[in-house]
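**Q** Handing over data03.cif, mmCIF, C-alpha atoms and all ligand atoms.
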data_upload
#
loop_
_atom_site.label_atom_id
_atom_site.label_comp_id
_atom_site.auth_asym_id
_atom_site.auth_seq_id
_atom_site.Cartn_x
_atom_site.Cartn_y
_atom_site.Cartn_z
CA MET A 14 51.09 -47.96 18.11
CA THR A 15 52.72 -44.59 17.70
CA THR A 16 55.50 -43.21 19.85
CA THR A 17 56.47 -39.58 19.78
CA ALA A 18 60.16 -38.77 19.62
CA PRO A 19 61.64 -37.86 23.00
CA ALA A 20 62.03 -34.13 23.62
CA PRO A 21 64.76 -32.55 25.75
CA PRO A 22 63.51 -31.73 29.25
CA PRO A 23 63.02 -28.16 30.46
CA VAL A 24 66.15 -26.72 32.08
CA SER A 25 66.44 -24.92 35.41
CA ASP A 26 69.56 -23.07 36.54
CA ALA A 27 68.26 -22.78 40.14
CA ASP A 28 70.38 -24.20 42.96
CA PRO A 29 68.26 -26.49 45.16
CA PHE A 30 71.17 -26.61 47.64
CA GLY A 31 71.69 -22.85 47.82
CA PRO A 32 70.79 -20.84 50.93
CA GLU A 33 67.69 -19.20 49.41
CA VAL A 34 66.07 -22.51 48.48
CA LEU A 35 67.11 -24.17 51.74
CA GLU A 36 65.55 -21.30 53.70
CA ASP A 37 62.24 -21.76 51.86
CA PRO A 38 62.14 -24.57 49.28
CA LEU A 39 58.39 -24.35 48.53
CA PRO A 40 58.57 -21.87 45.61
CA PHE A 41 61.32 -23.93 43.98
CA HIS A 42 59.32 -27.13 44.44
CA ALA A 43 56.26 -25.51 42.81
CA ALA A 44 58.34 -24.27 39.88
CA LEU A 45 59.89 -27.72 39.45
CA ARG A 46 56.47 -29.41 39.35
CA GLU A 47 55.14 -26.83 36.92
CA ALA A 48 58.13 -27.05 34.58
CA GLY A 49 57.42 -30.69 33.75
CA PRO A 50 57.67 -34.31 34.90
CA VAL A 51 61.46 -34.24 34.44
CA VAL A 52 63.67 -31.17 34.62
CA ARG A 53 67.38 -30.79 33.92
CA LEU A 54 69.28 -28.95 36.70
CA SER A 55 72.02 -27.30 34.64
CA ARG A 56 74.04 -26.26 37.65
CA TYR A 57 74.81 -29.84 38.65
CA GLY A 58 74.28 -31.68 35.36
CA VAL A 59 71.55 -33.88 36.84
CA TYR A 60 67.86 -34.52 36.29
CA ALA A 61 65.09 -33.86 38.81
CA MET A 62 61.52 -35.01 39.43
CA GLY A 63 59.02 -33.08 41.54
CA ARG A 64 55.63 -34.54 40.62
CA TYR A 65 54.08 -37.25 42.77
CA ALA A 66 53.27 -39.70 39.96
CA GLU A 67 56.79 -39.75 38.49
CA VAL A 68 58.60 -39.71 41.86
CA HIS A 69 56.42 -42.57 43.08
CA ALA A 70 56.93 -44.59 39.88
CA ALA A 71 60.70 -44.05 39.92
CA LEU A 72 60.99 -45.08 43.57
CA ARG A 73 59.08 -48.25 42.74
CA ASP A 74 61.37 -49.00 39.76
CA TRP A 75 64.55 -50.00 41.60
CA GLN A 76 65.84 -51.83 38.52
CA GLY A 77 65.66 -48.71 36.33
CA PHE A 78 66.72 -46.29 39.07
CA GLU A 79 69.48 -47.85 41.12
CA SER A 80 70.75 -46.89 44.57
CA GLY A 81 74.05 -48.78 44.35
CA ALA A 82 75.80 -45.87 42.59
CA GLY A 83 74.98 -43.77 45.67
CA VAL A 84 71.88 -41.77 46.58
CA GLY A 85 73.80 -38.51 46.71
CA LEU A 86 75.04 -36.26 43.92
CA SER A 87 78.35 -38.05 43.46
CA ASN A 88 78.47 -41.31 41.54
CA PHE A 89 80.30 -44.06 43.45
CA ARG A 90 81.44 -45.56 40.15
CA THR A 91 83.48 -42.45 39.30
CA GLU A 92 84.16 -40.89 42.72
CA ALA A 93 85.11 -42.75 45.90
CA PRO A 94 82.45 -42.38 48.63
CA TRP A 95 83.49 -40.61 51.86
CA ARG A 96 82.71 -43.77 53.89
CA PRO A 97 82.07 -47.41 52.96
CA PRO A 98 78.60 -47.46 51.37
CA SER A 99 75.56 -48.37 53.44
CA LEU A 100 74.54 -52.00 52.91
CA LEU A 101 70.90 -50.89 52.79
CA LEU A 102 70.53 -47.36 51.46
CA GLU A 103 73.31 -47.53 48.88
CA ALA A 104 72.79 -51.09 47.66
CA ASP A 105 70.42 -52.91 45.31
CA PRO A 106 69.07 -56.45 45.34
CA PRO A 107 70.33 -59.05 45.85
CA ARG A 108 73.05 -57.55 48.14
CA HIS A 109 70.55 -55.21 49.77
CA ASP A 110 68.10 -57.90 50.84
CA ALA A 111 69.71 -59.82 53.73
CA PRO A 112 70.72 -56.69 55.70
CA ARG A 113 67.28 -55.23 55.00
CA ARG A 114 65.53 -58.34 56.34
CA VAL A 115 67.52 -58.19 59.58
CA LEU A 116 66.27 -54.65 60.24
CA VAL A 117 62.71 -55.38 59.05
CA ASP A 118 62.50 -58.08 61.73
CA LEU A 119 64.24 -56.11 64.47
CA LEU A 120 62.24 -52.91 63.88
CA SER A 121 58.81 -54.42 63.18
CA PRO A 122 55.81 -53.02 65.07
CA ARG A 123 55.56 -56.34 66.90
CA ALA A 124 59.22 -56.25 67.97
CA LEU A 125 58.82 -52.66 69.19
CA ARG A 126 55.92 -53.47 71.53
CA ARG A 127 58.31 -54.11 74.41
CA LEU A 128 59.50 -50.48 74.18
CA ARG A 129 56.16 -48.71 74.39
CA GLU A 130 55.82 -48.68 78.18
CA ARG A 131 59.37 -47.41 78.75
CA TRP A 132 59.11 -44.81 75.97
CA THR A 133 55.78 -43.55 77.30
CA ALA A 134 57.26 -43.11 80.78
CA ALA A 135 60.31 -41.33 79.32
CA ALA A 136 58.08 -38.94 77.37
CA GLU A 137 55.90 -38.17 80.39
CA ASP A 138 58.98 -37.57 82.53
CA LEU A 139 60.58 -35.28 79.95
CA VAL A 140 57.43 -33.19 79.48
CA ASP A 141 56.72 -32.99 83.24
CA ARG A 142 60.25 -31.76 83.98
CA LEU A 143 60.11 -29.24 81.16
CA LEU A 144 56.76 -27.79 82.25
CA ALA A 145 58.01 -27.57 85.84
CA GLU A 146 60.71 -25.19 84.60
CA GLY A 147 58.34 -22.80 82.86
CA ASP A 148 56.01 -22.26 79.94
CA GLU A 149 58.54 -20.95 77.39
CA PHE A 150 61.31 -23.03 75.87
CA ASP A 151 63.06 -23.85 72.62
CA ALA A 152 61.21 -26.92 71.34
CA VAL A 153 64.20 -28.08 69.25
CA PRO A 154 66.67 -28.89 72.04
CA ALA A 155 64.06 -29.32 74.78
CA LEU A 156 61.80 -31.82 72.99
CA ALA A 157 62.74 -32.68 69.39
CA GLU A 158 66.36 -33.46 70.29
CA ALA A 159 66.02 -34.44 73.93
CA TYR A 160 63.46 -37.19 73.45
CA PRO A 161 65.06 -39.23 70.63
CA LEU A 162 68.50 -38.81 72.20
CA ARG A 163 67.12 -40.19 75.41
CA VAL A 164 65.30 -43.24 74.08
CA PHE A 165 66.84 -44.24 70.74
CA PRO A 166 70.53 -44.78 71.62
CA ASP A 167 69.35 -46.77 74.67
CA ALA A 168 67.25 -48.96 72.40
CA VAL A 169 70.23 -49.55 70.10
CA GLY A 170 72.43 -50.26 73.12
CA VAL A 171 74.85 -47.36 72.69
CA SER A 172 76.66 -46.09 75.78
CA PRO A 173 75.65 -42.71 77.23
CA GLU A 174 79.12 -41.26 76.71
CA GLY A 175 79.50 -39.56 73.37
CA ARG A 176 75.84 -39.58 72.36
CA GLU A 177 76.15 -35.90 71.55
CA ASN A 178 78.17 -37.05 68.50
CA LEU A 179 75.13 -38.63 66.86
CA LEU A 180 73.45 -35.40 65.73
CA PRO A 181 76.51 -33.76 64.14
CA TYR A 182 77.46 -37.07 62.49
CA GLY A 183 74.00 -37.29 60.93
CA GLU A 184 74.08 -33.64 59.99
CA PHE A 185 77.29 -34.19 58.05
CA LEU A 186 76.01 -37.41 56.46
CA PHE A 187 72.83 -35.77 55.18
CA ASN A 188 74.79 -32.75 53.92
CA ALA A 189 77.17 -35.13 52.13
CA PHE A 190 74.37 -36.40 49.85
CA GLY A 191 74.42 -32.95 48.24
CA PRO A 192 77.17 -31.00 46.47
CA HIS A 193 80.45 -30.15 48.18
CA ASN A 194 79.18 -26.72 49.22
CA ASP A 195 79.87 -24.64 52.36
CA LEU A 196 77.59 -26.87 54.47
CA VAL A 197 79.82 -29.87 53.76
CA ALA A 198 83.04 -27.88 54.19
CA GLU A 199 81.90 -26.55 57.57
CA GLY A 200 81.21 -30.08 58.84
CA ALA A 201 84.41 -31.64 57.53
CA PRO A 202 86.85 -30.72 60.34
CA ARG A 203 84.96 -32.79 62.92
CA LEU A 204 84.36 -35.73 60.63
CA PRO A 205 87.37 -37.90 61.62
CA GLU A 206 86.44 -37.66 65.30
CA LEU A 207 82.71 -38.24 64.70
CA SER A 208 83.28 -41.17 62.33
CA ALA A 209 85.73 -42.81 64.70
CA TRP A 210 83.23 -42.60 67.55
CA VAL A 211 80.30 -43.90 65.47
CA ASN A 212 82.34 -46.76 64.00
CA ALA A 213 83.53 -47.77 67.48
CA GLN A 214 79.89 -47.95 68.69
CA CYS A 215 79.11 -50.45 65.92
CA GLN A 216 81.44 -53.10 67.34
CA ARG A 217 79.92 -55.98 69.26
CA ASP A 218 81.69 -55.12 72.52
CA SER A 219 80.31 -51.57 72.52
CA LEU A 220 76.66 -52.64 72.32
CA ALA A 221 74.53 -53.43 75.38
CA ASP A 222 72.67 -56.73 75.61
CA GLY A 223 69.06 -56.66 74.51
CA GLY A 224 69.34 -53.70 72.14
CA PHE A 225 68.91 -53.45 68.36
CA GLY A 226 72.72 -53.46 67.98
CA ALA A 227 73.10 -56.76 69.83
CA GLY A 228 70.17 -58.06 67.77
CA ILE A 229 72.09 -57.30 64.57
CA TRP A 230 75.16 -59.18 65.86
CA ALA A 231 72.91 -62.10 66.88
CA ALA A 232 71.54 -62.19 63.32
CA ALA A 233 75.15 -62.48 62.13
CA ASP A 234 75.71 -65.39 64.55
CA ARG A 235 72.65 -67.09 63.01
CA GLY A 236 74.17 -66.62 59.57
CA GLU A 237 71.55 -64.16 58.28
CA ILE A 238 74.30 -61.64 57.49
CA THR A 239 78.07 -61.96 57.80
CA HIS A 240 80.05 -60.76 60.80
CA GLU A 241 81.74 -58.26 58.47
CA GLN A 242 78.32 -56.81 57.61
CA ALA A 243 77.07 -56.49 61.20
CA PRO A 244 78.88 -53.24 62.13
CA LEU A 245 77.73 -51.58 58.91
CA VAL A 246 74.11 -52.49 59.64
CA VAL A 247 74.47 -50.99 63.13
CA ARG A 248 75.97 -47.92 61.45
CA SER A 249 72.79 -47.56 59.37
CA LEU A 250 70.71 -47.32 62.56
CA LEU A 251 73.01 -44.68 64.01
CA SER A 252 73.15 -42.81 60.69
CA ALA A 253 69.50 -42.76 59.74
CA GLY A 254 67.80 -42.97 63.13
CA VAL A 255 68.55 -39.74 64.93
CA ASP A 256 68.51 -36.54 62.84
CA THR A 257 65.53 -37.79 60.83
CA THR A 258 63.34 -38.30 63.90
CA VAL A 259 64.62 -35.13 65.57
CA HIS A 260 63.60 -33.04 62.58
CA GLY A 261 60.41 -35.01 62.04
CA LEU A 262 59.41 -34.20 65.62
CA ALA A 263 60.50 -30.57 65.23
CA ALA A 264 58.38 -30.31 62.07
CA THR A 265 55.40 -31.79 63.90
CA LEU A 266 55.76 -29.36 66.82
CA HIS A 267 56.11 -26.44 64.39
CA ALA A 268 53.02 -27.59 62.50
CA PHE A 269 50.96 -27.63 65.70
CA ALA A 270 52.40 -24.36 67.02
CA THR A 271 51.24 -22.68 63.81
CA HIS A 272 47.89 -24.53 63.56
CA PRO A 273 46.16 -24.12 66.95
CA ASP A 274 42.91 -25.58 65.60
CA GLN A 275 44.71 -28.82 64.75
CA TRP A 276 46.22 -29.01 68.26
CA ARG A 277 42.70 -28.67 69.73
CA ARG A 278 41.57 -31.43 67.42
CA LEU A 279 44.39 -33.73 68.56
CA ARG A 280 43.60 -33.01 72.21
CA ALA A 281 39.96 -33.81 71.65
CA ARG A 282 40.83 -37.04 69.82
CA PRO A 283 44.25 -38.32 70.99
CA GLU A 284 43.88 -41.38 68.75
CA LEU A 285 44.70 -39.01 65.85
CA VAL A 286 48.30 -38.91 67.03
CA ARG A 287 49.55 -41.36 64.42
CA VAL A 288 47.78 -39.60 61.57
CA ALA A 289 49.14 -36.32 62.94
CA PHE A 290 52.74 -37.44 62.67
CA ASP A 291 52.26 -38.82 59.16
CA GLU A 292 50.54 -35.63 58.07
CA ALA A 293 53.45 -33.61 59.50
CA VAL A 294 55.92 -35.83 57.63
CA ARG A 295 53.93 -35.26 54.42
CA TRP A 296 53.60 -31.52 55.04
CA ALA A 297 57.23 -30.85 56.00
CA SER A 298 59.15 -33.79 54.48
CA PRO A 299 62.07 -33.84 56.95
CA VAL A 300 63.97 -35.86 54.34
CA GLN A 301 63.54 -33.66 51.27
CA THR A 302 65.40 -35.55 48.57
CA PHE A 303 67.42 -38.56 47.52
CA PHE A 304 69.15 -39.24 44.22
CA ARG A 305 68.87 -42.33 42.08
CA THR A 306 70.98 -43.31 39.02
CA ALA A 307 69.53 -44.45 35.70
CA THR A 308 70.66 -48.00 34.86
CA THR A 309 69.59 -47.64 31.22
CA ASP A 310 68.08 -44.96 28.97
CA VAL A 311 64.77 -44.48 30.77
CA ARG A 312 61.80 -42.72 29.28
CA VAL A 313 59.87 -40.53 31.73
CA GLY A 314 57.14 -38.20 30.56
CA GLY A 315 58.17 -37.18 27.08
CA THR A 316 61.91 -37.27 27.70
CA VAL A 317 64.72 -39.79 28.01
CA ILE A 318 67.08 -39.85 30.99
CA PRO A 319 70.31 -41.38 29.67
CA HIS A 320 72.02 -44.36 31.27
CA GLY A 321 74.30 -43.39 34.18
CA GLU A 322 72.66 -40.03 34.86
CA LYS A 323 71.72 -38.95 38.37
CA ILE A 324 68.12 -38.02 39.12
CA LEU A 325 67.17 -35.96 42.18
CA MET A 326 63.86 -37.22 43.60
CA PHE A 327 62.01 -34.43 45.39
CA LEU A 328 60.02 -36.32 48.03
CA ALA A 329 59.03 -32.94 49.47
CA ALA A 330 57.66 -31.63 46.16
CA ALA A 331 55.75 -34.88 45.55
CA ASN A 332 54.24 -34.63 49.03
CA ARG A 333 52.67 -31.27 48.10
CA ASP A 334 51.80 -32.01 44.48
CA PRO A 335 48.28 -30.62 43.87
CA ARG A 336 47.85 -33.36 41.22
CA ARG A 337 47.81 -35.83 44.13
CA TRP A 338 46.69 -33.89 47.22
CA ASP A 339 43.72 -31.60 47.86
CA ASP A 340 44.87 -28.27 49.23
CA PRO A 341 48.39 -29.75 49.69
CA ASP A 342 49.81 -26.82 51.68
CA ARG A 343 47.26 -27.28 54.47
CA PHE A 344 48.34 -29.21 57.59
CA ASP A 345 45.11 -31.05 58.26
CA LEU A 346 44.45 -34.00 60.57
CA SER A 347 41.23 -34.79 58.73
CA ARG A 348 43.04 -35.82 55.57
CA ASP A 349 44.39 -39.31 54.88
CA PRO A 350 48.13 -38.71 54.44
CA SER A 351 48.89 -42.34 53.63
CA GLY A 352 50.67 -42.67 50.32
CA HIS A 353 53.00 -39.76 51.06
CA VAL A 354 56.60 -40.43 50.09
CA GLY A 355 58.20 -38.75 53.12
CA PHE A 356 59.51 -42.17 54.17
CA GLY A 357 60.28 -43.02 50.55
CA PHE A 358 58.54 -45.83 48.71
CA GLY A 359 59.40 -49.28 47.39
CA ILE A 360 62.19 -51.59 48.49
CA HIS A 361 64.09 -48.80 50.29
CA HIS A 362 61.00 -47.51 52.12
CA CYS A 363 62.19 -46.32 55.55
CA VAL A 364 62.83 -49.46 57.59
CA GLY A 365 62.90 -47.41 60.81
CA GLN A 366 59.54 -45.75 60.31
CA HIS A 367 57.84 -47.76 63.07
CA VAL A 368 60.53 -46.58 65.48
CA ALA A 369 59.99 -42.97 64.41
CA ARG A 370 56.21 -43.35 64.67
CA LEU A 371 56.44 -44.84 68.15
CA GLU A 372 58.70 -42.02 69.34
CA ALA A 373 56.30 -39.45 67.90
CA GLU A 374 53.27 -41.18 69.35
CA CYS A 375 54.76 -41.33 72.86
CA LEU A 376 56.00 -37.75 72.88
CA LEU A 377 52.90 -36.17 71.32
CA THR A 378 50.55 -38.15 73.55
CA ALA A 379 52.41 -36.98 76.67
CA LEU A 380 52.38 -33.40 75.41
CA ALA A 381 48.72 -33.40 74.34
CA ALA A 382 47.67 -34.63 77.80
CA ARG A 383 49.60 -31.82 79.51
CA VAL A 384 49.48 -28.84 77.19
CA GLU A 385 46.30 -27.01 76.25
CA ALA A 386 47.86 -24.65 73.71
CA ILE A 387 51.22 -24.20 72.03
CA GLU A 388 52.36 -21.18 70.03
CA VAL A 389 55.52 -19.75 68.50
CA ALA A 390 57.04 -17.32 71.01
CA GLY A 391 59.96 -15.72 69.19
CA ALA A 392 62.13 -15.74 66.10
CA THR A 393 62.43 -19.22 64.60
CA ARG A 394 65.61 -20.32 62.81
CA ARG A 395 66.00 -22.92 60.10
CA LEU A 396 69.00 -25.25 60.10
CA HIS A 397 70.18 -25.51 56.49
CA ASN A 398 71.05 -29.02 55.33
CA ASN A 399 71.51 -30.43 51.81
CA THR A 400 68.97 -33.20 52.48
CA LEU A 401 67.01 -32.42 55.62
CA ARG A 402 64.40 -29.75 56.20
CA ALA A 403 65.37 -28.87 59.71
CA TRP A 404 64.82 -26.39 62.51
CA GLY A 405 67.73 -24.86 64.42
CA SER A 406 65.48 -23.07 66.90
CA LEU A 407 61.74 -23.09 67.56
CA PRO A 408 60.88 -20.94 70.61
CA VAL A 409 57.42 -21.80 71.91
CA ARG A 410 55.08 -20.78 74.70
CA VAL A 411 52.70 -23.37 76.10
CA ARG A 412 49.60 -23.15 78.28
CA PRO A 413 49.67 -26.13 80.65
CA ALA A 414 46.41 -28.03 80.95
CA ARG A 415 44.85 -27.80 84.41
C1 LIG B 1 67.96 -43.65 55.07
C2 LIG B 1 69.40 -43.49 55.45
C3 LIG B 1 69.94 -42.26 55.62
C4 LIG B 1 71.25 -42.13 55.95
C5 LIG B 1 72.05 -43.24 56.11
C6 LIG B 1 71.53 -44.50 55.95
C7 LIG B 1 70.19 -44.62 55.61
C8 LIG B 1 72.41 -45.70 56.13
O1 LIG B 1 71.95 -46.80 55.85
O2 LIG B 1 73.55 -45.55 56.56
#
As structure tokens, please, write out the structure in this file.
Ligand code: OVV
**A**
Amino acid sequence: MTTTAPAPPPVSDADPFGPEVLEDPLPFHAALREAGPVVRLSRYGVYAMGRYAEVHAALRDWQGFESGAGVGLSNFRTEAPWRPPSLLLEADPPRHDAPRRVLVDLLSPRALRRLRERWTAAAEDLVDRLLAEGDEFDAVPALAEAYPLRVFPDAVGVSPEGRENLLPYGEFLFNAFGPHNDLVAEGAPRLPELSAWVNAQCQRDSLADGGFGAGIWAAADRGEITHEQAPLVVRSLLSAGVDTTVHGLAATLHAFATHPDQWRRLRARPELVRVAFDEAVRWASPVQTFFRTATTDVRVGGTVIPHGEKILMFLAAANRDPRRWDDPDRFDLSRDPSGHVGFGFGIHHCVGQHVARLEAECLLTALAARVEAIEVAGATRRLHNNTLRAWGSLPVRVRPAR
């Protein structure tokens, strides 16, 4: 057997967290994929992967690419995290497994069945009220934010007061996985207030009976996790469950507003709704990136990533890698989007994805039954975030179905 000596990776001085890339990351993603399987980002002293095969393999290899040193730019072993680490996202087996199992059970498709009827009614009510007001609206606040904020905190068991804190808390959290740039600085003043509110909602007494939050505390009573862990597991739901779905829904609505043929296809075959959401998640990748940390010198492609180095995994670039996808830039309900890494892959694969899918299914089904056509009706605005690909404003005009 022969092994070639490792070669240094290509170097890029681009800033993936700068305003130009955040406004339109696609050219950077293409350049990253073309440069090689592993690229050094000189600006931050980290490595990056943008090709599907290597991103997928690294996400699968949780032993070689750990999460316990943090999945943001900063390394928890050398820099104190801004909040106690997540027991799921920022942990590795064996510590990761018991909290993970609690959420796997609580958020399984079977466990979510009891929500479908209520969530369908909520979606129909929201869309009916919106259409009664007129045929032009901003789809971000009116649908993408309004629907998850109406159904998800209820399902967790969070009180109505203060729910408006969930979005800015998540916005800060997802910015904080990146460098300490202006986006983080702008969010910092409100952080003490937002954190205090979120942490208070994680306590047993704050959570309504019958919700996911109470279910987490019940799992602690059964000894599946400790009572010290319970509030942190609730915090994971409140951290990961709102902004992600909001921007996943916004991405889906944008995809349809710019692909009228695909909207007609969905209306003709409403059973495509689940494929539609997955294809939108592949196409837009609302969660663009997460870091991992090399636990040893790992060989990827022809290069070696040294022990302790951070690697930025571009889920978004992998989801449009032409080595994996035919015509990857096309939003197309006839493709099979399964295998996309928009929800991650491996042991940290999004545990809330069935919740997100159910929300999307209910909202899109209600909309498809009531709206014949949807189009962009004004200037759209991106919301820049160090991790999320997000919309700030998406003005649309709809033609109600008769
Ligand atoms: C996937 C994700 C994103 C943000 C926060 C968390 C998880 C958490 O577990 O707190």
**Q** Report as a list in words which protein, DNA and RNA residues come within 6 Å of ligand LIG 1 (chain B), using only C-alpha atoms and all ligand atoms.
**A**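 I would give the residues around ligand LIG 1 (chain B) as Ser99, Leu101, Leu102, Arg248, Ser249, Ser252 and Ala253 of chain A.
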**Q** Neighbourhood query: residues within 9 Å of (56.7, -30.3, 55.3), file coordinates, counting only C-alpha atoms; return as a VMD selection string.
**A** chain A and resid 264 to 265 268 292 to 299 301 329 332 to 333 342 344 355 402
**Q** Calculate how many Å separate atom CA of Arg129 of chain A from atom CA of Asp291 of chain A, rounding to one decimal.
**A** 18.6 Å
**Q** Residues of segment 266-370 of chain A that have any atom at most 9 Å from an atom of segment 86-93 of chain A: could you tabulate them with the shortest-distance atom pair and the distance in Å to one decimal, using only C-alpha atoms, ordered by chain and increasing number, as a Markdown table?
**A**
| residue | atom | partner | partner_atom | distance |
| --- | --- | --- | --- | --- |
| A:Phe303 | CA | A:Leu86 | CA | 8.7 |
| A:Phe304 | CA | A:Leu86 | CA | 6.6 |
| A:Arg305 | CA | A:Leu86 | CA | 8.8 |
| A:Thr306 | CA | A:Asn88 | CA | 8.2 |
| A:Gly321 | CA | A:Asn88 | CA | 8.7 |
| A:Glu322 | CA | A:Asn88 | CA | 8.9 |
| A:Lys323 | CA | A:Leu86 | CA | 7.0 |
| A:Ile324 | CA | A:Leu86 | CA | 8.6 |
| A:Leu325 | CA | A:Leu86 | CA | 8.1 |
**Q** With distances taken over all atoms listed in the file, which of A:Ala382, A:Ala70, A:Ala390, A:Leu376 is nearest to Ala134 of chain A?
**A**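 Residue with the minimum atom-to-atom distance to Ala134 of chain A: A:Leu376.
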**Q** Hey, what's within 10 Å of Tyr57 of chain A if we count all atoms listed in the file and toss same-chain stuff fewer than 5 positions away? As a PyMOL selection string, please?
**A** chain A and resi 26-29+86+192+323
**Q** How many Å lie between atom CA of Asp105 of chain A and atom CA of Ala189 of chain A, rounded to one decimal?
**A** 20.2 Å
**Q** Can you pull out the residues contacting Asn178 of chain A? Cut-off 10 Å, using only C-alpha atoms, and skip same-chain residues under 5 positions away; I want them as number ranges by chain.
**A** A: 183, 203, 206-208, 210-211
**Q** Could you check how far atom CA of Tyr65 of chain A sits from atom CA of Val313 of chain A, in Å to one decimal?
**A**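 Rounded to one decimal, the two atoms are 12.9 Å apart.
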**Q** Counting all atoms listed in the file, figure out which residue out of A:Thr302, A:Thr133, A:Asn212, A:Ser219 gets nearest to Pro244 of chain A.
**A**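 Nearest to Pro244 of chain A: A:Asn212.
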**Q** Determine, counting all atoms listed in the file, which protein, DNA and RNA residues have an atom within 8 Å of an atom of segment 284-286 of chain A; residues of the same chain fewer than 5 positions away are not included. Present the result as a compact mmCIF listing (two decimals) with C-alpha atoms, in the coordinates of the input.
**A**
# COMPACT_ATOMS: atom_id res chain seq x y z
CA LEU A 279 44.39 -33.73 68.56
CA LEU A 346 44.45 -34.00 60.57
CA GLU A 374 53.27 -41.18 69.35
CA LEU A 377 52.90 -36.17 71.32
CA THR A 378 50.55 -38.15 73.55
**Q** Could you check which of A:Val411, A:Val259, A:Cys375, A:Ala209 is closest to Arg131 of chain A, using all atoms listed in the file?
**A**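 Going through A:Val411, A:Val259, A:Cys375, A:Ala209 one by one, the smallest distance to Arg131 of chain A is for A:Cys375.
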**Q** Given all atoms listed in the file as the basis, pick out the residue of A:His320, A:Glu237, A:Gly391, A:Ala403 nearest to Asp110 of chain A.
**A** A:Glu237
**Q** Closest to Leu143 of chain A among A:Ala263, A:Asp195, A:Tyr160, A:Arg127, using all atoms listed in the file?
**A** A:Tyr160
**Q** Could you pull segment 271-310 of chain A out of the block above and give me C-alpha atoms, as a compact mmCIF listing (two decimals), in the first residue's frame?
**A**
# COMPACT_ATOMS: atom_id res chain seq x y z
CA THR A 271 -40.21 32.61 -6.93
CA HIS A 272 -41.19 29.26 -8.51
CA PRO A 273 -44.87 29.57 -9.51
CA ASP A 274 -44.74 26.28 -11.44
CA GLN A 275 -43.79 24.44 -8.24
CA TRP A 276 -46.68 26.07 -6.34
CA ARG A 277 -49.08 24.83 -9.04
CA ARG A 278 -47.56 21.39 -8.69
CA LEU A 279 -48.07 21.40 -4.92
CA ARG A 280 -51.68 22.54 -5.32
CA ALA A 281 -52.34 19.77 -7.80
CA ARG A 282 -50.72 17.19 -5.52
CA PRO A 283 -50.96 18.33 -1.87
CA GLU A 284 -49.32 15.09 -0.73
CA LEU A 285 -46.04 16.63 -2.00
CA VAL A 286 -46.07 18.99 0.97
CA ARG A 287 -43.51 17.00 2.95
CA VAL A 288 -41.13 16.67 0.02
CA ALA A 289 -41.63 20.39 -0.63
CA PHE A 290 -40.43 21.37 2.82
CA ASP A 291 -37.41 19.06 2.65
CA GLU A 292 -36.52 20.37 -0.79
CA ALA A 293 -36.77 23.94 0.55
CA VAL A 294 -34.51 23.00 3.48
CA ARG A 295 -32.01 21.51 1.02
CA TRP A 296 -32.24 24.47 -1.36
CA ALA A 297 -31.99 27.23 1.27
CA SER A 298 -30.33 25.52 4.25
CA PRO A 299 -31.79 27.74 7.00
CA VAL A 300 -28.99 26.45 9.24
CA GLN A 301 -25.95 27.14 7.06
CA THR A 302 -23.06 25.90 9.17
CA PHE A 303 -21.82 24.32 12.37
CA PHE A 304 -18.25 23.82 13.55
CA ARG A 305 -16.68 20.63 14.80
CA THR A 306 -13.27 20.16 16.50
CA ALA A 307 -10.69 17.56 15.46
CA THR A 308 -9.98 15.13 18.31
CA THR A 309 -6.81 13.84 16.63
CA ASP A 310 -4.82 14.55 13.45
